[in-house]
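*Asks:* What follows is the file entry.cif, containing mmCIF, C-alpha atoms:
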```
data_target
loop_
_atom_site.label_atom_id
_atom_site.label_comp_id
_atom_site.auth_asym_id
_atom_site.auth_seq_id
_atom_site.Cartn_x
_atom_site.Cartn_y
_atom_site.Cartn_z
CA MET A 46 28.85 1.98 -22.72
CA PRO A 47 29.59 0.68 -19.20
CA VAL A 48 26.83 1.38 -16.66
CA ARG A 49 29.08 3.49 -14.41
CA LEU A 50 30.21 5.67 -17.35
CA ALA A 51 26.60 6.05 -18.53
CA LYS A 52 25.54 7.21 -15.05
CA THR A 53 28.38 9.72 -14.96
CA VAL A 54 27.45 11.10 -18.38
CA LEU A 55 23.77 11.38 -17.40
CA THR A 56 24.64 13.12 -14.13
CA LEU A 57 26.89 15.58 -15.93
CA ALA A 58 24.25 16.24 -18.59
CA ALA A 59 21.60 16.84 -15.90
CA SER A 60 23.92 19.20 -14.01
CA LEU A 61 24.67 21.09 -17.19
CA ALA A 62 20.98 21.35 -18.08
CA LEU A 63 20.20 22.73 -14.62
CA SER A 64 23.08 25.20 -14.73
CA LEU A 65 22.39 26.56 -18.23
CA PRO A 66 19.56 28.92 -17.16
CA ALA A 67 21.74 30.34 -14.37
CA ALA A 68 24.75 30.61 -16.66
CA SER A 69 22.62 32.28 -19.34
CA SER A 70 21.40 34.78 -16.77
CA ALA A 71 24.96 35.43 -15.57
CA LEU A 72 26.16 35.97 -19.11
CA ALA A 73 23.23 38.25 -19.88
CA THR A 74 24.30 40.54 -17.04
CA ALA A 75 28.05 40.13 -17.60
CA PRO A 76 29.79 43.30 -18.69
CA ALA A 77 31.73 43.14 -21.91
CA HIS A 78 35.28 44.35 -21.60
CA GLY A 79 36.33 46.04 -24.77
CA HIS A 80 38.64 48.96 -25.27
CA PRO A 81 38.18 51.28 -22.25
CA ALA A 82 38.05 54.35 -24.47
CA GLU A 83 35.19 52.83 -26.45
CA ARG A 84 32.98 51.31 -23.74
CA GLY A 85 34.33 52.32 -20.36
CA ALA A 86 35.54 49.83 -17.79
CA HIS A 87 32.19 48.09 -17.35
CA GLY A 88 30.18 48.46 -20.57
CA ARG A 89 27.31 46.03 -21.13
CA ALA A 90 27.39 43.31 -23.76
CA ALA A 91 24.70 43.83 -26.39
CA SER A 92 24.14 40.09 -26.69
CA PRO A 93 26.04 37.46 -24.68
CA ASP A 94 27.73 34.70 -26.60
CA PRO A 95 25.73 31.48 -26.01
CA GLY A 96 28.82 29.58 -27.13
CA ALA A 97 30.47 30.61 -23.84
CA LEU A 98 28.32 28.29 -21.73
CA LEU A 99 30.15 25.05 -22.47
CA PRO A 100 33.66 26.57 -22.20
CA LEU A 101 32.64 28.12 -18.84
CA THR A 102 31.49 24.68 -17.69
CA LYS A 103 34.86 23.30 -18.81
CA ALA A 104 36.68 26.03 -16.83
CA TYR A 105 34.60 25.30 -13.74
CA GLY A 106 35.17 21.56 -13.96
CA ALA A 107 38.92 21.93 -14.49
CA THR A 108 39.44 24.36 -11.61
CA MET A 109 37.22 22.84 -8.91
CA LYS A 110 40.26 20.99 -7.56
CA TYR A 111 41.85 24.35 -6.73
CA ARG A 112 39.38 24.91 -3.92
CA SER A 113 42.27 23.22 -2.14
CA VAL A 114 45.16 25.71 -1.95
CA PRO A 115 47.75 22.92 -1.46
CA ARG A 116 46.55 21.41 -4.76
CA ALA A 117 47.03 24.79 -6.49
CA LEU A 118 50.53 25.10 -5.03
CA ALA A 119 51.38 21.55 -6.14
CA ASP A 120 50.28 22.45 -9.70
CA GLY A 121 52.63 25.44 -9.90
CA TYR A 122 50.48 28.34 -8.71
CA GLU A 123 52.35 30.79 -6.46
CA GLU A 124 50.76 33.23 -4.01
CA HIS A 125 51.06 36.92 -4.77
CA LEU A 126 49.30 40.04 -3.53
CA CYS A 127 45.71 40.64 -2.50
CA MET A 128 44.14 43.36 -4.64
CA ALA A 129 41.23 45.61 -3.68
CA ARG A 130 39.98 49.14 -4.08
CA ASP A 131 36.82 51.09 -3.23
CA GLU A 132 34.65 49.42 -5.87
CA GLY A 133 35.59 45.89 -4.84
CA GLY A 134 38.35 43.36 -4.73
CA MET A 135 39.98 40.58 -6.69
CA GLY A 136 41.33 38.82 -3.64
CA PHE A 137 44.59 36.94 -3.28
CA HIS A 138 46.20 36.15 -6.62
CA TYR A 139 47.93 32.82 -7.20
CA PHE A 140 49.65 32.76 -10.59
CA ASN A 141 51.19 29.96 -12.61
CA GLU A 142 53.55 31.82 -14.96
CA ALA A 143 53.86 28.76 -17.20
CA LEU A 144 50.19 29.38 -18.12
CA PHE A 145 50.64 33.05 -19.11
CA GLY A 146 49.31 33.24 -22.65
CA SER A 147 46.81 30.38 -22.21
CA LEU A 148 43.42 30.83 -23.85
CA ASP A 149 42.37 27.33 -22.84
CA PRO A 150 39.26 27.55 -20.61
CA ALA A 151 40.66 24.68 -18.52
CA LYS A 152 44.04 26.37 -17.93
CA PRO A 153 43.74 29.82 -16.35
CA ALA A 154 47.03 31.43 -15.31
CA GLY A 155 45.51 32.90 -12.15
CA LEU A 156 43.38 31.72 -9.25
CA LEU A 157 41.59 34.22 -7.01
CA TYR A 158 41.02 33.50 -3.31
CA GLU A 159 39.55 35.26 -0.30
CA ASP A 160 39.96 34.57 3.40
CA ASP A 161 37.45 31.95 4.54
CA GLY A 162 37.18 33.35 8.08
CA ARG A 163 38.80 30.24 9.58
CA GLY A 164 42.44 30.91 8.70
CA GLY A 165 42.22 29.43 5.19
CA ARG A 166 41.45 30.56 1.68
CA ARG A 167 38.31 30.10 -0.42
CA LEU A 168 38.47 30.02 -4.24
CA VAL A 169 36.27 32.78 -5.70
CA GLY A 170 37.38 33.16 -9.30
CA VAL A 171 39.92 32.46 -12.02
CA GLU A 172 41.90 34.66 -14.39
CA TRP A 173 43.53 34.30 -17.80
CA VAL A 174 46.63 36.41 -18.46
CA VAL A 175 48.11 37.11 -21.90
CA PRO A 176 51.37 39.11 -22.06
CA VAL A 177 51.22 42.00 -24.53
CA ASP A 178 54.20 40.54 -26.42
CA ALA A 179 52.36 37.24 -26.88
CA ALA A 180 49.10 38.91 -27.95
CA GLY A 181 50.65 40.80 -30.84
CA THR A 182 48.25 43.31 -32.36
CA THR A 183 45.09 41.40 -31.47
CA ARG A 184 43.27 41.88 -28.18
CA PRO A 185 42.72 38.41 -26.68
CA ARG A 186 39.16 37.12 -26.45
CA LEU A 187 37.62 34.22 -24.53
CA PHE A 188 34.01 33.25 -23.68
CA GLY A 189 32.89 35.94 -26.15
CA GLN A 190 34.59 38.60 -23.99
CA ASP A 191 37.44 40.94 -24.85
CA PHE A 192 40.26 40.89 -22.32
CA GLN A 193 40.93 44.06 -20.31
CA GLY A 194 44.13 46.00 -20.70
CA PRO A 195 46.85 46.28 -21.57
CA MET A 196 48.03 46.90 -18.00
CA ASP A 197 51.24 46.78 -16.03
CA GLY A 198 52.17 43.65 -14.11
CA HIS A 199 50.78 43.26 -10.60
CA TYR A 200 54.11 42.24 -9.06
CA PRO A 201 57.80 42.66 -9.97
CA GLY A 202 58.63 40.60 -13.02
CA MET A 203 55.03 40.14 -14.18
CA PRO A 204 54.83 41.36 -17.79
CA ARG A 205 52.56 44.05 -19.18
CA HIS A 206 49.46 42.09 -20.09
CA TYR A 207 45.78 41.69 -20.87
CA ASP A 208 43.57 39.73 -18.48
CA LEU A 209 40.08 38.33 -18.08
CA HIS A 210 38.45 37.36 -14.80
CA ALA A 211 35.63 34.84 -14.37
CA TRP A 212 33.87 34.78 -11.00
CA LEU A 213 32.96 31.10 -11.13
CA TYR A 214 32.92 30.45 -7.38
CA LYS A 215 31.46 33.65 -5.91
CA HIS A 216 28.62 35.69 -7.37
CA ASN A 217 29.63 39.10 -8.64
CA PRO A 218 26.71 41.55 -8.89
CA LYS A 219 28.68 43.45 -11.54
CA GLY A 220 28.76 40.38 -13.78
CA THR A 221 30.59 37.11 -14.30
CA PHE A 222 33.49 38.77 -16.15
CA ALA A 223 33.75 42.07 -14.27
CA GLN A 224 37.24 42.96 -13.14
CA TRP A 225 36.32 43.91 -9.54
CA ASN A 226 33.88 42.10 -7.24
CA PRO A 227 32.26 44.25 -4.52
CA ARG A 228 31.69 41.09 -2.44
CA VAL A 229 35.44 40.30 -2.25
CA MET A 230 37.73 42.12 0.18
CA CYS A 231 41.35 41.94 1.25
CA PRO A 232 42.16 41.68 4.94
CA THR A 233 43.27 45.00 6.41
CA THR A 234 46.40 43.33 7.77
CA SER A 235 47.48 41.90 4.38
CA SER A 236 49.80 43.56 1.93
CA SER A 237 46.89 44.49 -0.30
CA THR A 238 47.25 46.98 -3.08
CA THR A 239 45.07 49.08 -5.30
CA HIS A 240 45.00 48.68 -9.06
CA SER A 241 43.47 50.87 -11.71
#
```
Is it possible to express this structure as structure tokens?
*Replies:*
Amino acid sequence: MPVRLAKTVLTLAASLALSLPAASSALATAPAHGHPAERGAHGRAASPDPGALLPLTKAYGATMKYRSVPRALADGYEEHLCMARDEGGMGFHYFNEALFGSLDPAKPAGLLYEDDGRGGRRLVGVEWVVPVDAAGTTRPRLFGQDFQGPMDGHYPGMPRHYDLHAWLYKHNPKGTFAQWNPRVMCPTTSSSTTHS
């Protein structure tokens, strides 16, 4: 193995080893999103899926480049509304409709941003979207979590769907996979909307 590749592998392994305790803690407090009638919107997972740690690392590594909004736009993500309500926000949604239906940790259909206070946007989370028609009779599942929904589209033309959020870039005190983040807000001057 070339020296440079070996160093890269060792650095990645060390980073993963250091992040596993934090990721385990995040997963332990992450709410499970099952059928709302069964668990409520933010029921707790009885035991987090340890198998979710590596796929979450894959999702993080694949989406780091989208901290740059121009990079997201170049890869087919389009800006849509900013969503918030009393219990928190989701921020500005950027969707790549070609990725609707993806269950690949490295290919979320949505990117979630907030204002960075300097006229730009800061990546705070990612979202997977599976249209109801594509899901069939099975509720989608990723990272050991059931998707939320089904729900109506967030903008004209967006299909009825299931979705799953992962707050990979901004801590969510409600949990890594909670739908709403109380630390994310929409600007009062934006065309923000509420969503139930």
*Asks:* Using all atoms listed in the file, which residue out of A:Val169, A:Val114, A:Ala119, A:Met196 lies closest to Gly136 (chain A)?
*Replies:*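 Answer, going by the shortest atom-to-atom distance: A:Val169.
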*Asks:* Which residue out of A:Ala117, A:Leu144, A:Met128, A:Leu157 has the minimum interatomic distance to Leu213 (chain A) when all atoms listed in the file are used?
*Replies:* A:Leu157
*Asks:* What gap, in Å, lies between CA of Ala151 (chain A) and CA of Phe188 (chain A)?
*Replies:* 12.0 Å
*Asks:* Can you spell out as a list in words the set of residues that the PyMOL selection byres ((chain A and resi 175) around 8) selects in the structure I just provided?
*Replies:*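 When the PyMOL selection byres ((chain A and resi 175) around 8) is applied to the shown file, the picked residues are Phe145, Gly146, Ser147, Trp173, Val174, Pro176, Val177, Ala179, Ala180, Pro185, His206, Tyr207 and Asp208 of chain A.
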*Asks:* With distances taken over all atoms listed in the file, which residue among A:Gly220, A:Gly96, A:Gly155, A:Pro150 lies nearest Leu118 (chain A)?
*Replies:*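 Ranked by minimum distance to Leu118 (chain A), first place goes to A:Gly155.
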*Asks:* Please list as a list in words every residue within 6 Å of Asn226 (chain A), counting only C-alpha atoms and excluding residues in the same chain fewer than 2 positions away.
*Replies:*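 Here the qualifying residues turn out to be Gly133, Gly134, Asn217, Arg228 and Val229 of chain A.
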*Asks:* Hey, can you check how far CA of Glu159 (chain A) sits from CA of Phe137 (chain A)?
*Replies:*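 Interatomic distance, CA of Glu159 (chain A) to CA of Phe137 (chain A): 6.1 Å.
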*Asks:* When you draw a straight line from CA of Leu187 (chain A) to CA of Arg205 (chain A), how long is it in Å?
*Replies:*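 Between CA of Leu187 (chain A) and CA of Arg205 (chain A) the gap works out to 18.7 Å.
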*Asks:* Measuring atom to atom with only C-alpha atoms, identify which of A:Asp197, A:Asp149, A:Glu124, A:Asp178 is nearest to Leu101 (chain A).
*Replies:*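 That would be A:Asp149, the residue with the smallest distance to Leu101 (chain A).
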*Asks:* For Glu123 (chain A), work out the shell of residues within 7 Å, counting all atoms listed in the file and skipping chain neighbours fewer than 6 positions away, then give it as an mmCIF file with C-alpha atoms, in the frame of the given file.
*Replies:*
```
data_model
loop_
_atom_site.group_PDB
_atom_site.id
_atom_site.type_symbol
_atom_site.label_atom_id
_atom_site.label_comp_id
_atom_site.auth_asym_id
_atom_site.auth_seq_id
_atom_site.Cartn_x
_atom_site.Cartn_y
_atom_site.Cartn_z
ATOM 1 C CA TYR A 139 47.930 32.820 -7.200
ATOM 2 C CA PHE A 140 49.650 32.760 -10.590
ATOM 3 C CA ASN A 141 51.190 29.960 -12.610
#
```
*Asks:* Could you check which of A:Thr183, A:Pro218, A:Gly189, A:Arg112 is closest to Leu156 (chain A), using all atoms listed in the file?
*Replies:*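 Under the stated criterion, the closest residue is A:Arg112.
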